[in-house]
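Notes follow once the structure below has been shown.
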Amino acid sequence: MIVDSHCHLHDPAFADVRSTVVRATEHDVWGVVAVGCDGATNERTLRAAAENGKAVWPALGFHPEWKLTAEDLAQVEEQIRANHARLVAVGEVGLPWYGLGGAADADRLRRQGRERLERLVDLACRFDLAVILHAPHGAAADALAVLKRGGVERAVFHWHKASPEVTREIVDAGYLVSVTPDLVYRARDREMVETVPIESLLVESDAPWPYQGEFESVTSGPWLVARVAEEVAKIKRLPADEATYHLTVNTCRLFDLVWA
């Protein structure tokens with residue numbers, strides 16, 4: 001059995017979360033870490049977890065690429081404080097990257113992003129929660145610095161994309177990186193999995209994000225992570241069961257899940 005470490009069950013694509021969970025279990029997916037992005041999606045994430053027992057674990061987030069205000073941040077901080085005992089992580093949080101291109105105030109947006117992430121990291125540490133990071137490409141090094149300064153012990157760089165040097169620093173710091181179905185057909189992701197120890201890897205769907213290759217005609221959902229785990233096994237030259245075991249143990253340790 002495998003765990004989807006990052007899925008947006010709040011999305012309208014998953015209006016029937018129960019059916020989504022049932023389909024996932026049919027593909028040997030034990031459960032789903034559901035992430036939020038703002039106040040409204042956080043509420044839907046909490047509801048999805050409450051209605052689906054031990055199959056969905058909630059994380060509350062503040063997406064750095066969304067156009068959110070200081071008031072939105074305060075709302076999310078209060079949601080985390082009020083629900084911390086139910087959470088497995090603070091996420092999806094991080095630093096902006098895709099929205100910086102061509103922005104006249106890119107420096108201000110970077111500073112604002114760091115300040116917001118620092119506040120959220122402080123909350124994660126206060127309540128002993130893992131951190132799920134959106135910090136692709138050039139944002140990864142800055143996010144790593146924020147984690148270290150904040151004393152974060154448990155974190156994953158979701159759908160990780162960064163230089164080999166920065167990836168090595170992330171792994172050396174004891175943090176994890178995750179891969180999506182992109183791994184099946186994208187050389188960049190495959191090269192990273194070849195070099196990163198399996199003890200530092202997670203798999204995720206980031207659903208309902210759509211994928212290419214063999215997934216073009218497949219609805220995106222948590223069920224895709226079983227195929228990602230299979231591909232990790234191939235790249236690592238491990239039996240599928242052994243790779244799946246490692247990936248599931250990594251997920252349980254990161255999010256403090258009890259593997260029944």
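Every chain in the structure tokens takes a letter, A first, then B, and so on in the order presented; its residues are numbered from 1, and the ligands are numbered from 1 following the presented order.
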
Exercise. Using the chain letters and numbers from this document, which residues of region 127-232 of chain A does DSSP assign to alpha helix (DSSP H), as a PyMOL selection string?
Worked result: chain A and resi 139-150+164-172+187-195+225-232

Serialized selection, C-alpha atoms, as an mmCIF file, in the first residue's frame:
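Written file, again_3.cif:
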data_model
loop_
_atom_site.group_PDB
_atom_site.id
_atom_site.type_symbol
_atom_site.label_atom_id
_atom_site.label_comp_id
_atom_site.auth_asym_id
_atom_site.auth_seq_id
_atom_site.Cartn_x
_atom_site.Cartn_y
_atom_site.Cartn_z
ATOM 1 C CA ALA A 139 12.864 29.394 -4.920
ATOM 2 C CA ALA A 140 14.126 26.139 -3.389
ATOM 3 C CA ALA A 141 17.367 27.522 -1.942
ATOM 4 C CA ASP A 142 15.596 30.440 -0.256
ATOM 5 C CA ALA A 143 12.930 28.122 1.165
ATOM 6 C CA LEU A 144 15.621 25.824 2.520
ATOM 7 C CA ALA A 145 17.209 28.781 4.287
ATOM 8 C CA VAL A 146 13.859 29.700 5.874
ATOM 9 C CA LEU A 147 13.396 26.136 7.124
ATOM 10 C CA LYS A 148 16.865 26.044 8.666
ATOM 11 C CA ARG A 149 16.482 29.436 10.336
ATOM 12 C CA GLY A 150 13.105 28.421 11.704
ATOM 13 C CA PRO A 164 21.403 18.942 -8.107
ATOM 14 C CA GLU A 165 23.428 21.084 -5.703
ATOM 15 C CA VAL A 166 20.368 22.521 -3.953
ATOM 16 C CA THR A 167 18.683 19.116 -3.921
ATOM 17 C CA ARG A 168 21.747 17.672 -2.201
ATOM 18 C CA GLU A 169 21.601 20.422 0.434
ATOM 19 C CA ILE A 170 17.911 19.694 1.055
ATOM 20 C CA VAL A 171 18.565 15.980 1.524
ATOM 21 C CA ASP A 172 21.646 16.596 3.668
ATOM 22 C CA ALA A 187 14.125 13.059 -17.833
ATOM 23 C CA ARG A 188 14.683 15.810 -15.248
ATOM 24 C CA ASP A 189 12.633 13.965 -12.632
ATOM 25 C CA ARG A 190 14.179 10.605 -13.445
ATOM 26 C CA GLU A 191 17.690 11.978 -13.035
ATOM 27 C CA MET A 192 16.786 13.368 -9.630
ATOM 28 C CA VAL A 193 15.345 10.046 -8.431
ATOM 29 C CA GLU A 194 18.506 8.279 -9.564
ATOM 30 C CA THR A 195 20.644 10.460 -7.287
ATOM 31 C CA VAL A 225 0.764 7.381 -7.074
ATOM 32 C CA ALA A 226 0.824 3.600 -7.306
ATOM 33 C CA ARG A 227 2.232 3.978 -10.813
ATOM 34 C CA VAL A 228 4.742 6.569 -9.600
ATOM 35 C CA ALA A 229 5.951 4.198 -6.884
ATOM 36 C CA GLU A 230 6.349 1.487 -9.519
ATOM 37 C CA GLU A 231 8.522 3.825 -11.580
ATOM 38 C CA VAL A 232 10.647 4.707 -8.562
#

With only C-alpha atoms as the counted atoms, please give the residues lying no more than 8 Å from region 56-67 of chain A, apart from itself and same-chain residues fewer than 2 positions off, as a short mmCIF file (atom, residue, chain, number, x, y, z; two decimals) with N, CA and C atoms, in the first residue's frame.
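The new file result.cif reads:
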data_model
loop_
_atom_site.label_atom_id
_atom_site.label_comp_id
_atom_site.auth_asym_id
_atom_site.auth_seq_id
_atom_site.Cartn_x
_atom_site.Cartn_y
_atom_site.Cartn_z
N GLY A 31 -4.04 5.91 1.70
CA GLY A 31 -4.65 7.14 2.15
C GLY A 31 -4.08 8.33 1.42
N VAL A 32 -4.61 9.52 1.75
CA VAL A 32 -4.28 10.75 1.03
C VAL A 32 -4.00 11.87 2.02
N VAL A 33 -2.88 12.56 1.82
CA VAL A 33 -2.62 13.80 2.54
C VAL A 33 -3.22 14.91 1.69
N ALA A 34 -4.27 15.53 2.22
CA ALA A 34 -5.01 16.56 1.48
C ALA A 34 -4.51 17.94 1.89
N VAL A 35 -4.12 18.74 0.91
CA VAL A 35 -3.55 20.06 1.19
C VAL A 35 -4.54 21.16 0.82
N GLY A 36 -4.48 22.25 1.57
CA GLY A 36 -5.27 23.43 1.27
C GLY A 36 -4.40 24.55 0.74
N CYS A 37 -5.05 25.61 0.26
CA CYS A 37 -4.32 26.72 -0.37
C CYS A 37 -4.74 28.09 0.16
N ASP A 38 -5.89 28.19 0.78
CA ASP A 38 -6.37 29.45 1.36
C ASP A 38 -7.49 29.11 2.33
N GLY A 39 -8.13 30.13 2.87
CA GLY A 39 -9.15 29.88 3.88
C GLY A 39 -10.27 28.97 3.41
N ASN A 42 -9.04 25.42 2.66
CA ASN A 42 -8.72 24.77 3.94
C ASN A 42 -9.97 24.21 4.61
N THR A 45 -10.96 21.13 2.87
CA THR A 45 -10.01 20.07 3.20
C THR A 45 -10.34 19.46 4.56
N LEU A 46 -10.63 20.29 5.54
CA LEU A 46 -11.01 19.79 6.86
C LEU A 46 -12.28 18.95 6.77
N ALA A 48 -13.35 17.26 4.13
CA ALA A 48 -13.03 16.00 3.46
C ALA A 48 -12.41 15.01 4.43
N ALA A 49 -11.54 15.50 5.31
CA ALA A 49 -10.90 14.63 6.29
C ALA A 49 -11.90 14.12 7.33
N ASN A 52 -14.13 11.30 5.98
CA ASN A 52 -13.52 10.11 5.39
C ASN A 52 -12.54 9.41 6.33
N GLY A 53 -12.84 9.49 7.60
CA GLY A 53 -12.15 8.70 8.60
C GLY A 53 -10.65 8.74 8.51
N LYS A 54 -10.03 7.56 8.47
CA LYS A 54 -8.58 7.46 8.49
C LYS A 54 -7.96 7.45 7.10
N THR A 69 -4.14 38.10 0.45
CA THR A 69 -3.87 39.32 1.20
C THR A 69 -3.36 39.02 2.61
N LEU A 73 -3.93 35.73 5.09
CA LEU A 73 -2.90 35.06 5.88
C LEU A 73 -3.34 34.95 7.33
N VAL A 76 -5.81 32.13 7.70
CA VAL A 76 -5.18 30.81 7.65
C VAL A 76 -4.43 30.52 8.95
N GLN A 79 -6.91 29.44 11.40
CA GLN A 79 -7.38 28.08 11.11
C GLN A 79 -6.37 27.04 11.63
N ILE A 80 -5.09 27.31 11.43
CA ILE A 80 -4.07 26.38 11.91
C ILE A 80 -4.09 26.30 13.43
N ARG A 86 -5.76 18.36 14.66
CA ARG A 86 -6.30 17.49 13.60
C ARG A 86 -5.36 17.40 12.41
N LEU A 87 -4.33 18.24 12.37
CA LEU A 87 -3.51 18.38 11.17
C LEU A 87 -2.28 17.47 11.20
N VAL A 88 -1.80 17.15 9.99
CA VAL A 88 -0.53 16.44 9.87
C VAL A 88 0.56 17.36 9.33
N ALA A 89 0.16 18.54 8.82
CA ALA A 89 1.16 19.46 8.25
C ALA A 89 0.56 20.84 8.04
N VAL A 90 1.47 21.79 7.84
CA VAL A 90 1.12 23.10 7.32
C VAL A 90 1.52 23.07 5.85
N GLY A 91 0.54 23.25 4.97
CA GLY A 91 0.85 23.16 3.54
C GLY A 91 -0.41 23.16 2.69
N GLU A 92 -0.38 23.62 1.59
CA GLU A 92 0.78 23.95 0.79
C GLU A 92 1.17 25.40 1.05
N VAL A 93 2.42 25.59 1.45
CA VAL A 93 2.96 26.93 1.68
C VAL A 93 4.31 27.01 0.97
N GLY A 94 4.89 28.19 0.93
CA GLY A 94 6.20 28.28 0.29
C GLY A 94 6.53 29.67 -0.21
N LEU A 95 7.21 29.70 -1.34
CA LEU A 95 7.67 30.96 -1.93
C LEU A 95 7.20 31.07 -3.38
N PRO A 96 6.89 32.27 -3.81
CA PRO A 96 6.46 32.44 -5.21
C PRO A 96 7.63 32.25 -6.16
N TRP A 97 7.31 31.74 -7.34
CA TRP A 97 8.31 31.62 -8.40
C TRP A 97 7.70 31.90 -9.76
N TYR A 98 6.66 31.16 -10.11
CA TYR A 98 6.08 31.29 -11.45
C TYR A 98 5.48 32.68 -11.67
N GLY A 99 4.99 33.29 -10.60
CA GLY A 99 4.37 34.61 -10.75
C GLY A 99 5.35 35.77 -10.75
N GLY A 113 6.97 37.15 0.28
CA GLY A 113 6.86 35.70 0.34
C GLY A 113 7.66 35.10 1.47
N HIS A 134 5.89 24.55 -1.47
CA HIS A 134 5.91 24.90 -2.89
C HIS A 134 7.10 25.85 -3.04
#

Exercise. Among region 18-216 of chain A, which ones does DSSP place in strand (DSSP E or B), written as a ChimeraX atom specification?
Worked result: /A:29-35,56-60,89-94,130-134,155-157,176-179,201-203

For this session: For CA of Glu153 (chain A) and CA of Pro208 (chain A), determine how far apart the two atoms are, in Å to one decimal place.
Result: 28.9 Å

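Using only C-alpha atoms, the protein and nucleic acid residues lying no more than 9 Å from Ala124 (chain A), apart from those fewer than 2 places from it along its own chain, are Ile80, His84, Ala89, Val90, Arg119, Leu120, Val121, Asp122, Arg126, Phe127, Asp128, Leu129, Ala130, Val131 and Val152 of chain A.
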
Output N, CA, C and O atoms of each residue in that selection to a file, as a PDB file, in the first residue's frame.
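Result file follows (again-v8.pdb):
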ATOM      1  N   ILE A  80      -5.094  27.311  11.432  1.00  0.00           N
ATOM      2  CA  ILE A  80      -4.073  26.379  11.909  1.00  0.00           C
ATOM      3  C   ILE A  80      -4.092  26.296  13.435  1.00  0.00           C
ATOM      4  O   ILE A  80      -4.043  25.199  14.016  1.00  0.00           O
ATOM      5  N   HIS A  84      -5.004  22.634  14.899  1.00  0.00           N
ATOM      6  CA  HIS A  84      -3.685  22.009  14.840  1.00  0.00           C
ATOM      7  C   HIS A  84      -3.690  20.557  15.289  1.00  0.00           C
ATOM      8  O   HIS A  84      -2.921  19.741  14.766  1.00  0.00           O
ATOM      9  N   ALA A  89       0.159  18.542   8.821  1.00  0.00           N
ATOM     10  CA  ALA A  89       1.155  19.455   8.251  1.00  0.00           C
ATOM     11  C   ALA A  89       0.563  20.836   8.041  1.00  0.00           C
ATOM     12  O   ALA A  89      -0.657  21.027   8.048  1.00  0.00           O
ATOM     13  N   VAL A  90       1.466  21.787   7.845  1.00  0.00           N
ATOM     14  CA  VAL A  90       1.124  23.102   7.320  1.00  0.00           C
ATOM     15  C   VAL A  90       1.516  23.072   5.847  1.00  0.00           C
ATOM     16  O   VAL A  90       2.673  22.853   5.511  1.00  0.00           O
ATOM     17  N   ARG A 119       6.336  33.246   8.975  1.00  0.00           N
ATOM     18  CA  ARG A 119       5.231  33.216   9.938  1.00  0.00           C
ATOM     19  C   ARG A 119       4.585  31.831   9.988  1.00  0.00           C
ATOM     20  O   ARG A 119       4.275  31.307  11.070  1.00  0.00           O
ATOM     21  N   LEU A 120       4.406  31.230   8.833  1.00  0.00           N
ATOM     22  CA  LEU A 120       3.774  29.916   8.775  1.00  0.00           C
ATOM     23  C   LEU A 120       4.696  28.830   9.317  1.00  0.00           C
ATOM     24  O   LEU A 120       4.242  27.887   9.970  1.00  0.00           O
ATOM     25  N   VAL A 121       5.978  28.964   9.062  1.00  0.00           N
ATOM     26  CA  VAL A 121       6.959  28.025   9.612  1.00  0.00           C
ATOM     27  C   VAL A 121       6.967  28.104  11.138  1.00  0.00           C
ATOM     28  O   VAL A 121       7.059  27.075  11.828  1.00  0.00           O
ATOM     29  N   ASP A 122       6.866  29.306  11.662  1.00  0.00           N
ATOM     30  CA  ASP A 122       6.811  29.467  13.117  1.00  0.00           C
ATOM     31  C   ASP A 122       5.623  28.703  13.713  1.00  0.00           C
ATOM     32  O   ASP A 122       5.746  28.062  14.768  1.00  0.00           O
ATOM     33  N   ARG A 126       5.661  25.561  16.287  1.00  0.00           N
ATOM     34  CA  ARG A 126       4.936  25.703  17.549  1.00  0.00           C
ATOM     35  C   ARG A 126       4.071  24.480  17.828  1.00  0.00           C
ATOM     36  O   ARG A 126       3.987  24.003  18.979  1.00  0.00           O
ATOM     37  N   PHE A 127       3.433  23.946  16.772  1.00  0.00           N
ATOM     38  CA  PHE A 127       2.519  22.818  16.951  1.00  0.00           C
ATOM     39  C   PHE A 127       3.119  21.490  16.488  1.00  0.00           C
ATOM     40  O   PHE A 127       2.402  20.500  16.352  1.00  0.00           O
ATOM     41  N   ASP A 128       4.428  21.479  16.230  1.00  0.00           N
ATOM     42  CA  ASP A 128       5.136  20.265  15.839  1.00  0.00           C
ATOM     43  C   ASP A 128       4.495  19.614  14.614  1.00  0.00           C
ATOM     44  O   ASP A 128       4.189  18.411  14.610  1.00  0.00           O
ATOM     45  N   LEU A 129       4.302  20.410  13.575  1.00  0.00           N
ATOM     46  CA  LEU A 129       3.717  19.928  12.323  1.00  0.00           C
ATOM     47  C   LEU A 129       4.759  19.940  11.212  1.00  0.00           C
ATOM     48  O   LEU A 129       5.657  20.787  11.193  1.00  0.00           O
ATOM     49  N   ALA A 130       4.635  19.015  10.292  1.00  0.00           N
ATOM     50  CA  ALA A 130       5.487  19.013   9.109  1.00  0.00           C
ATOM     51  C   ALA A 130       5.127  20.207   8.226  1.00  0.00           C
ATOM     52  O   ALA A 130       4.062  20.821   8.375  1.00  0.00           O
ATOM     53  N   VAL A 131       6.017  20.529   7.292  1.00  0.00           N
ATOM     54  CA  VAL A 131       5.787  21.625   6.344  1.00  0.00           C
ATOM     55  C   VAL A 131       5.822  21.056   4.930  1.00  0.00           C
ATOM     56  O   VAL A 131       6.755  20.328   4.566  1.00  0.00           O
ATOM     57  N   VAL A 152      12.922  24.016  11.536  1.00  0.00           N
ATOM     58  CA  VAL A 152      11.963  22.994  11.104  1.00  0.00           C
ATOM     59  C   VAL A 152      12.656  21.634  11.042  1.00  0.00           C
ATOM     60  O   VAL A 152      13.731  21.502  10.454  1.00  0.00           O
TER      61      VAL A 152
END

For this session: Calculate how many Å separate CA of Glu242 (chain A) from CA of Arg186 (chain A), rounding to one decimal.
Result: 23.3 Å
